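The next block is model_29.tsv, given as TSV, C-alpha atoms.
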chain	number	residue	atom	x	y	z
A	162	GLY	CA	-220.58	109.02	48.84
A	163	ASP	CA	-217.79	108.46	46.37
A	164	SER	CA	-214.77	106.51	47.51
A	165	VAL	CA	-211.56	105.03	46.18
A	166	THR	CA	-209.81	101.99	47.60
A	167	GLN	CA	-206.27	101.10	46.61
A	168	MET	CA	-203.90	98.47	47.81
A	169	GLU	CA	-201.79	99.28	50.80
A	170	GLY	CA	-198.10	99.72	50.49
A	171	PRO	CA	-195.29	99.90	50.62
A	172	VAL	CA	-194.59	97.81	47.58
A	173	THR	CA	-190.97	96.85	47.04
A	174	LEU	CA	-189.88	95.45	43.68
A	175	SER	CA	-186.67	94.68	41.90
A	176	GLU	CA	-185.84	96.65	38.79
A	177	GLU	CA	-187.53	95.26	35.65
A	178	ALA	CA	-190.23	93.52	37.68
A	179	PHE	CA	-193.91	93.73	36.73
A	180	LEU	CA	-196.01	96.19	38.70
A	181	THR	CA	-199.69	96.09	39.56
A	182	ILE	CA	-201.34	98.49	41.97
A	183	ASN	CA	-205.00	97.70	42.47
A	184	CYS	CA	-207.65	100.40	42.61
A	185	THR	CA	-211.40	100.05	42.94
A	186	TYR	CA	-213.98	102.75	43.27
A	187	THR	CA	-217.52	103.47	44.36
A	188	ALA	CA	-219.38	106.25	42.63
A	189	THR	CA	-222.70	107.09	41.11
A	190	GLY	CA	-222.93	107.72	37.43
A	191	TYR	CA	-219.87	107.71	35.24
A	192	PRO	CA	-216.84	109.18	36.99
A	193	SER	CA	-213.53	110.02	35.41
A	194	LEU	CA	-210.59	108.05	36.80
A	195	PHE	CA	-207.00	109.13	37.34
A	196	TRP	CA	-203.64	107.99	38.55
A	197	TYR	CA	-201.36	110.60	40.10
A	198	VAL	CA	-197.73	110.17	41.10
A	199	GLN	CA	-195.88	112.02	43.83
A	200	TYR	CA	-192.09	111.92	43.75
A	201	PRO	CA	-190.23	112.73	46.97
A	202	GLY	CA	-190.45	116.41	47.83
A	203	GLU	CA	-192.73	117.23	44.94
A	204	GLY	CA	-196.41	117.80	44.33
A	205	LEU	CA	-198.76	115.37	42.65
A	206	GLN	CA	-198.46	114.95	38.91
A	207	LEU	CA	-201.07	113.47	36.64
A	208	LEU	CA	-199.79	110.14	35.34
A	209	LEU	CA	-202.76	109.00	33.27
A	210	LYS	CA	-206.51	109.19	33.07
A	211	ALA	CA	-209.61	107.59	31.55
A	212	THR	CA	-212.96	109.24	31.18
A	213	LYS	CA	-215.24	106.43	30.05
A	214	ALA	CA	-215.66	102.68	30.34
A	215	ASP	CA	-213.08	100.53	28.52
A	216	ASP	CA	-210.79	103.52	27.96
A	217	LYS	CA	-207.13	102.77	28.55
A	218	GLY	CA	-204.93	105.52	29.89
A	219	SER	CA	-201.20	105.21	29.31
A	220	ASN	CA	-198.06	107.22	29.96
A	221	LYS	CA	-194.36	106.50	30.58
A	222	GLY	CA	-194.97	102.75	30.24
A	223	PHE	CA	-197.79	102.75	32.78
A	224	GLU	CA	-201.29	101.65	31.79
A	225	ALA	CA	-204.71	101.45	33.42
A	226	THR	CA	-208.04	100.38	31.95
A	227	TYR	CA	-211.39	101.74	33.11
A	228	ARG	CA	-213.42	98.63	33.98
A	229	LYS	CA	-216.96	99.60	34.80
A	230	GLU	CA	-218.12	96.02	35.34
A	231	THR	CA	-215.59	95.54	38.14
A	232	THR	CA	-215.39	99.23	39.12
A	233	SER	CA	-211.64	99.03	38.86
A	234	PHE	CA	-208.75	101.02	37.44
A	235	HIS	CA	-205.64	98.99	38.20
A	236	LEU	CA	-202.25	100.49	37.39
A	237	GLU	CA	-199.72	98.31	35.60
A	238	LYS	CA	-196.22	98.58	34.23
A	239	GLY	CA	-194.34	95.79	32.56
A	240	SER	CA	-190.83	96.68	33.73
A	241	VAL	CA	-190.27	99.13	36.57
A	242	GLN	CA	-187.17	101.26	37.05
A	243	VAL	CA	-185.58	102.74	40.14
A	244	SER	CA	-186.79	106.14	38.95
A	245	ASP	CA	-190.40	104.93	39.31
A	246	SER	CA	-190.02	104.94	43.09
A	247	ALA	CA	-192.77	107.26	44.31
A	248	VAL	CA	-196.23	107.32	45.85
A	249	TYR	CA	-199.09	106.55	43.48
A	250	PHE	CA	-202.62	107.82	44.05
A	251	CYS	CA	-205.77	106.58	42.39
A	252	ALA	CA	-208.51	109.21	42.17
A	253	LEU	CA	-211.90	109.90	40.68
A	254	SER	CA	-213.89	112.91	39.67
A	255	PRO	CA	-217.64	112.54	39.91
A	256	ILE	CA	-218.44	114.03	36.56
A	257	LEU	CA	-217.08	113.70	33.09
A	258	THR	CA	-214.03	115.89	33.29
A	259	GLY	CA	-210.39	116.00	32.42
A	260	GLY	CA	-209.54	116.44	36.09
A	261	GLY	CA	-210.32	120.06	36.59
A	262	ASN	CA	-212.87	119.34	39.25
A	263	LYS	CA	-212.45	118.28	42.86
A	264	LEU	CA	-211.10	114.80	43.27
A	265	THR	CA	-211.63	111.88	45.64
A	266	PHE	CA	-208.35	110.12	46.34
A	267	GLY	CA	-207.29	106.72	47.52
A	268	THR	CA	-204.78	106.37	50.33
A	269	GLY	CA	-201.79	106.22	48.07
A	270	THR	CA	-199.39	103.33	47.51
A	271	GLN	CA	-195.69	103.79	48.04
A	272	LEU	CA	-193.54	102.00	45.49
A	273	LYS	CA	-189.86	101.34	46.05
A	274	VAL	CA	-187.82	99.86	43.25
A	275	GLU	CA	-184.44	98.40	44.08
A	276	LEU	CA	-181.52	97.42	41.88
B	931	GLY	CA	-196.43	123.32	31.22
B	932	ALA	CA	-198.60	124.85	33.86
B	933	VAL	CA	-197.08	125.18	37.29
B	934	VAL	CA	-198.59	125.69	40.67
B	935	SER	CA	-196.28	126.94	43.39
B	936	GLN	CA	-197.01	126.42	47.07
B	937	HIS	CA	-195.12	128.10	49.87
B	938	PRO	CA	-193.74	127.32	52.38
B	939	SER	CA	-192.85	123.68	51.87
B	940	ARG	CA	-192.26	123.16	55.56
B	941	VAL	CA	-193.24	125.17	58.61
B	942	ILE	CA	-192.95	124.62	62.32
B	943	CYS	CA	-195.00	126.86	64.56
B	944	LYS	CA	-195.89	127.15	68.19
B	945	SER	CA	-199.28	126.12	69.45
B	946	GLY	CA	-201.69	129.05	69.41
B	947	THR	CA	-200.08	130.90	66.53
B	948	SER	CA	-201.40	131.23	62.98
B	949	VAL	CA	-199.76	130.02	59.80
B	950	LYS	CA	-200.41	131.19	56.25
B	951	ILE	CA	-199.86	128.94	53.24
B	952	GLU	CA	-199.81	130.39	49.73
B	953	CYS	CA	-200.80	128.72	46.50
B	954	ARG	CA	-200.00	130.43	43.20
B	955	SER	CA	-200.75	129.49	39.64
B	956	LEU	CA	-197.68	130.73	37.78
B	957	ASP	CA	-198.69	130.77	34.14
B	958	PHE	CA	-202.46	130.55	34.07
B	959	GLN	CA	-205.41	132.07	35.83
B	960	ALA	CA	-207.43	129.98	38.24
B	961	THR	CA	-210.83	131.16	39.39
B	962	THR	CA	-211.05	128.03	41.51
B	963	MET	CA	-208.45	126.32	43.66
B	964	PHE	CA	-208.78	123.33	45.93
B	965	TRP	CA	-207.19	122.73	49.32
B	966	TYR	CA	-206.51	119.19	50.51
B	967	ARG	CA	-205.16	117.74	53.71
B	968	GLN	CA	-203.35	114.45	54.07
B	969	PHE	CA	-202.94	112.56	57.32
B	970	PRO	CA	-200.20	109.92	57.59
B	971	LYS	CA	-201.11	106.75	55.74
B	972	GLN	CA	-204.43	108.25	54.67
B	973	SER	CA	-205.73	109.71	51.48
B	974	LEU	CA	-205.87	113.36	50.55
B	975	MET	CA	-209.11	114.80	51.88
B	976	LEU	CA	-210.67	117.81	50.24
B	977	MET	CA	-211.00	120.62	52.77
B	978	ALA	CA	-212.45	123.44	50.73
B	979	THR	CA	-212.90	125.01	47.35
B	980	SER	CA	-211.43	128.48	47.01
B	981	ASN	CA	-213.35	130.80	44.70
B	982	GLU	CA	-211.93	134.04	43.36
B	983	GLY	CA	-214.20	136.93	44.29
B	984	SER	CA	-216.47	134.98	46.60
B	985	LYS	CA	-216.46	132.95	49.77
B	986	ALA	CA	-214.80	129.58	49.92
B	987	THR	CA	-216.91	126.44	50.03
B	988	TYR	CA	-215.97	124.13	52.88
B	989	GLU	CA	-216.45	120.40	53.04
B	990	GLN	CA	-218.49	118.90	55.83
B	991	GLY	CA	-216.62	118.79	59.10
B	992	VAL	CA	-214.05	121.45	58.18
B	993	GLU	CA	-214.10	124.48	60.47
B	994	LYS	CA	-214.21	127.58	58.33
B	995	ASP	CA	-213.15	129.84	61.20
B	996	LYS	CA	-210.08	127.74	61.80
B	997	PHE	CA	-209.04	127.33	58.19
B	998	LEU	CA	-209.41	130.74	56.60
B	999	ILE	CA	-209.24	130.81	52.84
B	1000	ASN	CA	-208.77	133.92	50.75
B	1001	HIS	CA	-208.67	133.87	46.98
B	1002	ALA	CA	-207.10	137.27	46.57
B	1003	SER	CA	-206.56	137.22	42.83
B	1004	LEU	CA	-206.85	134.97	39.82
B	1005	THR	CA	-203.43	133.50	40.59
B	1006	LEU	CA	-203.30	133.38	44.39
B	1007	SER	CA	-205.18	131.55	47.11
B	1008	THR	CA	-204.10	131.47	50.75
B	1009	LEU	CA	-204.96	129.09	53.55
B	1010	THR	CA	-204.46	130.38	57.08
B	1011	VAL	CA	-204.52	127.90	59.93
B	1012	THR	CA	-205.58	130.01	62.90
B	1013	SER	CA	-204.70	129.26	66.51
B	1014	ALA	CA	-202.89	126.15	65.43
B	1015	HIS	CA	-202.74	123.11	67.69
B	1016	PRO	CA	-200.73	119.90	67.44
B	1017	GLU	CA	-203.70	118.07	65.90
B	1018	ASP	CA	-203.51	120.48	62.96
B	1019	SER	CA	-200.11	119.08	62.08
B	1020	SER	CA	-200.49	117.59	58.65
B	1021	PHE	CA	-199.58	117.83	54.98
B	1022	TYR	CA	-201.58	120.48	53.13
B	1023	ILE	CA	-201.66	120.61	49.36
B	1024	CYS	CA	-203.42	122.87	46.90
B	1025	SER	CA	-204.48	122.32	43.33
B	1026	ALA	CA	-205.56	124.64	40.57
B	1027	PRO	CA	-207.47	123.38	37.55
B	1028	ARG	CA	-206.71	124.88	34.18
B	1029	GLY	CA	-210.13	124.99	32.68
B	1030	ASP	CA	-211.61	121.53	32.88
B	1031	SER	CA	-208.61	119.78	31.40
B	1032	GLU	CA	-206.39	118.99	34.34
B	1033	ALA	CA	-205.69	119.96	37.92
B	1034	PHE	CA	-202.13	121.00	38.75
B	1035	PHE	CA	-200.87	120.49	42.27
B	1036	GLY	CA	-198.54	122.46	44.45
B	1037	GLN	CA	-195.59	120.85	46.18
B	1038	GLY	CA	-197.44	120.66	49.47
B	1039	THR	CA	-196.75	122.14	52.92
B	1040	ARG	CA	-195.71	120.05	55.88
B	1041	LEU	CA	-197.06	121.81	58.98
B	1042	THR	CA	-195.81	120.83	62.40
B	1043	VAL	CA	-197.34	122.48	65.44
B	1044	VAL	CA	-195.32	122.15	68.63
Starting from the file, lay out its structure as structure tokens.
Amino acid sequence: GDSVTQMEGPVTLSEEAFLTINCTYTATGYPSLFWYVQYPGEGLQLLLKATKADDKGSNKGFEATYRKETTSFHLEKGSVQVSDSAVYFCALSPILTGGGNKLTFGTGTQLKVEL
Amino acid sequence: GAVVSQHPSRVICKSGTSVKIECRSLDFQATTMFWYRQFPKQSLMLMATSNEGSKATYEQGVEKDKFLINHASLTLSTLTVTSAHPEDSSFYICSAPRGDSEAFFGQGTRLTVV
């Protein structure tokens, strides 16, 4: 079945450091890929998405590129801020969709950014 | 933007009792809602798909008699954990897709069974 593997946390960085959170997936066909963020005490929010190979999703300085050849969708940000502290989830949907279908999630990676 | 409200955010109940969790789409109609469960340090696992006007669809290994789902209207789905036991303690979260564009998530419910 479909699965998502993301790097374990927690990840602790200093403000303005470069962030990479690795995500790889296993799926048949051409899934859509997503990154969600969960701030403390809140629900998940869609951060960015990509629906086909080589697409780059971006939002709030975060980027991720859909790499079909390596089945990866790594999340990056050039300069993190304290306000980026949250849990980040990589997810996939098995069919071409904007995210309105059921999702398979990774385990989540907690990011803590310190001054 | 679209908002999904989940209530309660936290609940503590005694073993053997039942707990109801509500999930509401506040500014759009959702014929389908999804219920997930998250164990500590694990990913969110889909439990069931709630369908307005018909029975819920449960994922393999999820006991439908234990986790009762009712999609009462186009804006409300409820999950009732019946005869709760300590092993049911977990984080439950719902989502409601708006069309096929995006799924919006509730704030989640932290259930503790003592």
Proximity to B:Ile1023 - best of A:Thr212, A:Asn220, A:Thr232, A:Gln199, all atoms listed in the file: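 Of A:Thr212, A:Asn220, A:Thr232, A:Gln199, the one nearest B:Ile1023 is A:Gln199, counting all atoms listed in the file.
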12 Å contact set for A:Asp216, all atoms listed in the file, chain neighbours under 4 positions out, as a ChimeraX atom specification: /A:193-195,209-212,224-229,233-234
Contact residues around A:Gln206 with only C-alpha atoms at 9 Å, ignoring same-chain residues under 3 positions, as JSON, numbers by chain: {"A": [196, 197, 198, 199, 200, 203], "B": [1033, 1034, 1035]}
Residue hits in chain B, query chain A, radius 6 Å, all atoms listed in the file, as a count of residues only: 12
Coordinates-based distance that separates atom CA of A:Val243 from atom CA of B:Ser939 (Å, one decimal):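 So the answer is 25.1 Å.
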Counting all atoms listed in the file, the option among B:Ala986, B:Val992, B:Cys1024, B:Val1043 closest to B:Arg954: B:Cys1024
Length of the atom CA of B:Ser935 to atom CA of B:Leu956 vector [Å]: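 So the answer is 6.9 Å.
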Option closest in space to B:Thr1008, from B:Gln959, B:Thr979, B:Gln990, B:Thr947 [counting only C-alpha atoms]: B:Thr979
B:Thr987 environment, 9 Å, only C-alpha atoms, sequence neighbours closer than 5 positions dropped, as a list of chain:residue names: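 Those residues are B:Met977, B:Ala978, B:Thr979, B:Ser980, B:Asn981, B:Lys994.
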Pairwise distance for atom CA of B:Ile942 and atom CA of B:Lys996, rounded to one decimal in Å: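 Rounded to one decimal, the two atoms are 17.4 Å apart.
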Which residue of A:Thr231, A:Ser254, A:Ser219, A:Gln242 approaches A:Glu176 most closely, using only C-alpha atoms: A:Gln242
For B:Thr1042, the nearest of the candidates B:His1015, B:Arg1028, B:His1001, B:His937, counting only C-alpha atoms: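 So, comparing all the options, the nearest one is B:His1015.
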Counting all atoms listed in the file, the residue of B:Ser955, B:Gln968, B:Ser1025, B:Ser984 that sits nearest B:Leu1041: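 Nearest to B:Leu1041: B:Gln968.
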Writing N, CA and C atoms and nothing else, produce stretch 956-994 of chain B as an mmCIF file, in the first residue's frame.
data_model
loop_
_atom_site.group_PDB
_atom_site.id
_atom_site.type_symbol
_atom_site.label_atom_id
_atom_site.label_comp_id
_atom_site.auth_asym_id
_atom_site.auth_seq_id
_atom_site.Cartn_x
_atom_site.Cartn_y
_atom_site.Cartn_z
ATOM 1 N N LEU B 956 -17.752 25.075 8.877
ATOM 2 C CA LEU B 956 -18.449 26.304 9.272
ATOM 3 C C LEU B 956 -18.952 27.139 8.103
ATOM 4 N N ASP B 957 -18.302 27.100 6.984
ATOM 5 C CA ASP B 957 -18.750 27.972 5.892
ATOM 6 C C ASP B 957 -18.815 27.265 4.555
ATOM 7 N N PHE B 958 -18.876 25.937 4.590
ATOM 8 C CA PHE B 958 -19.088 25.199 3.354
ATOM 9 C C PHE B 958 -19.733 23.863 3.691
ATOM 10 N N GLN B 959 -20.331 23.252 2.714
ATOM 11 C CA GLN B 959 -20.967 21.964 2.924
ATOM 12 C C GLN B 959 -20.008 20.843 2.567
ATOM 13 N N ALA B 960 -20.032 19.808 3.366
ATOM 14 C CA ALA B 960 -19.123 18.684 3.164
ATOM 15 C C ALA B 960 -19.910 17.376 3.162
ATOM 16 N N THR B 961 -20.052 16.784 2.000
ATOM 17 C CA THR B 961 -20.748 15.502 1.936
ATOM 18 C C THR B 961 -19.866 14.379 2.456
ATOM 19 N N THR B 962 -18.582 14.639 2.518
ATOM 20 C CA THR B 962 -17.625 13.651 3.014
ATOM 21 C C THR B 962 -16.730 14.301 4.058
ATOM 22 N N MET B 963 -16.478 13.581 5.118
ATOM 23 C CA MET B 963 -15.490 14.005 6.112
ATOM 24 C C MET B 963 -14.639 12.795 6.462
ATOM 25 N N PHE B 964 -13.434 13.058 6.893
ATOM 26 C CA PHE B 964 -12.518 11.980 7.241
ATOM 27 C C PHE B 964 -12.143 12.082 8.718
ATOM 28 N N TRP B 965 -12.036 10.927 9.346
ATOM 29 C CA TRP B 965 -11.592 10.860 10.740
ATOM 30 C C TRP B 965 -10.247 10.146 10.812
ATOM 31 N N TYR B 966 -9.295 10.805 11.485
ATOM 32 C CA TYR B 966 -7.955 10.265 11.650
ATOM 33 C C TYR B 966 -7.660 10.086 13.137
ATOM 34 N N ARG B 967 -6.684 9.224 13.390
ATOM 35 C CA ARG B 967 -6.225 9.009 14.758
ATOM 36 C C ARG B 967 -4.697 9.064 14.735
ATOM 37 N N GLN B 968 -4.147 9.694 15.749
ATOM 38 C CA GLN B 968 -2.701 9.822 15.819
ATOM 39 C C GLN B 968 -2.198 9.304 17.150
ATOM 40 N N PHE B 969 -1.350 8.288 17.096
ATOM 41 C CA PHE B 969 -0.676 7.806 18.288
ATOM 42 C C PHE B 969 0.612 8.598 18.476
ATOM 43 N N PRO B 970 1.103 8.662 19.721
ATOM 44 C CA PRO B 970 2.341 9.421 19.967
ATOM 45 C C PRO B 970 3.476 8.967 19.059
ATOM 46 N N LYS B 971 4.133 9.933 18.459
ATOM 47 C CA LYS B 971 5.295 9.689 17.605
ATOM 48 C C LYS B 971 4.954 8.838 16.374
ATOM 49 N N GLN B 972 3.700 8.790 16.013
ATOM 50 C CA GLN B 972 3.294 8.069 14.819
ATOM 51 C C GLN B 972 2.489 8.983 13.912
ATOM 52 N N SER B 973 2.270 8.515 12.715
ATOM 53 C CA SER B 973 1.559 9.350 11.757
ATOM 54 C C SER B 973 0.059 9.310 12.007
ATOM 55 N N LEU B 974 -0.632 10.213 11.354
ATOM 56 C CA LEU B 974 -2.090 10.185 11.403
ATOM 57 C C LEU B 974 -2.572 9.001 10.561
ATOM 58 N N MET B 975 -3.419 8.181 11.166
ATOM 59 C CA MET B 975 -3.951 7.024 10.458
ATOM 60 C C MET B 975 -5.425 7.250 10.171
ATOM 61 N N LEU B 976 -5.811 7.059 8.925
ATOM 62 C CA LEU B 976 -7.209 7.222 8.570
ATOM 63 C C LEU B 976 -8.029 6.112 9.223
ATOM 64 N N MET B 977 -9.078 6.525 9.925
ATOM 65 C CA MET B 977 -9.952 5.554 10.574
ATOM 66 C C MET B 977 -11.158 5.245 9.688
ATOM 67 N N ALA B 978 -11.780 6.289 9.187
ATOM 68 C CA ALA B 978 -13.021 6.079 8.446
ATOM 69 C C ALA B 978 -13.362 7.310 7.627
ATOM 70 N N THR B 979 -14.190 7.070 6.642
ATOM 71 C CA THR B 979 -14.739 8.135 5.811
ATOM 72 C C THR B 979 -16.210 8.278 6.146
ATOM 73 N N SER B 980 -16.587 9.477 6.549
ATOM 74 C CA SER B 980 -17.966 9.763 6.929
ATOM 75 C C SER B 980 -18.721 10.299 5.725
ATOM 76 N N ASN B 981 -19.842 9.703 5.414
ATOM 77 C CA ASN B 981 -20.605 10.070 4.224
ATOM 78 C C ASN B 981 -21.992 10.562 4.625
ATOM 79 N N GLU B 982 -22.336 11.743 4.224
ATOM 80 C CA GLU B 982 -23.645 12.302 4.534
ATOM 81 C C GLU B 982 -24.725 11.486 3.851
ATOM 82 N N GLY B 983 -25.675 11.006 4.633
ATOM 83 C CA GLY B 983 -26.801 10.261 4.087
ATOM 84 C C GLY B 983 -26.557 8.786 3.879
ATOM 85 N N SER B 984 -25.403 8.298 4.233
ATOM 86 C CA SER B 984 -25.138 6.867 4.103
ATOM 87 C C SER B 984 -24.152 6.426 5.177
ATOM 88 N N LYS B 985 -23.906 5.128 5.209
ATOM 89 C CA LYS B 985 -23.031 4.599 6.239
ATOM 90 C C LYS B 985 -21.584 5.021 6.023
ATOM 91 N N ALA B 986 -20.876 5.107 7.124
ATOM 92 C CA ALA B 986 -19.458 5.424 7.036
ATOM 93 C C ALA B 986 -18.684 4.233 6.476
ATOM 94 N N THR B 987 -17.561 4.534 5.883
ATOM 95 C CA THR B 987 -16.658 3.508 5.365
ATOM 96 C C THR B 987 -15.451 3.422 6.275
ATOM 97 N N TYR B 988 -15.230 2.267 6.861
ATOM 98 C CA TYR B 988 -14.153 2.103 7.838
ATOM 99 C C TYR B 988 -12.926 1.472 7.190
ATOM 100 N N GLU B 989 -11.770 1.893 7.661
ATOM 101 C CA GLU B 989 -10.525 1.303 7.198
ATOM 102 C C GLU B 989 -10.326 -0.061 7.878
ATOM 103 N N GLN B 990 -9.506 -0.854 7.247
ATOM 104 C CA GLN B 990 -9.261 -2.191 7.777
ATOM 105 C C GLN B 990 -8.701 -2.115 9.189
ATOM 106 N N GLY B 991 -9.260 -2.922 10.059
ATOM 107 C CA GLY B 991 -8.781 -2.981 11.430
ATOM 108 C C GLY B 991 -9.472 -2.024 12.377
ATOM 109 N N VAL B 992 -10.337 -1.173 11.882
ATOM 110 C CA VAL B 992 -11.062 -0.225 12.737
ATOM 111 C C VAL B 992 -12.436 -0.815 13.064
ATOM 112 N N GLU B 993 -12.741 -0.900 14.361
ATOM 113 C CA GLU B 993 -14.000 -1.506 14.781
ATOM 114 C C GLU B 993 -15.147 -0.519 14.628
ATOM 115 N N LYS B 994 -16.048 -0.821 13.733
ATOM 116 C CA LYS B 994 -17.137 0.103 13.474
ATOM 117 C C LYS B 994 -18.110 0.198 14.643
#
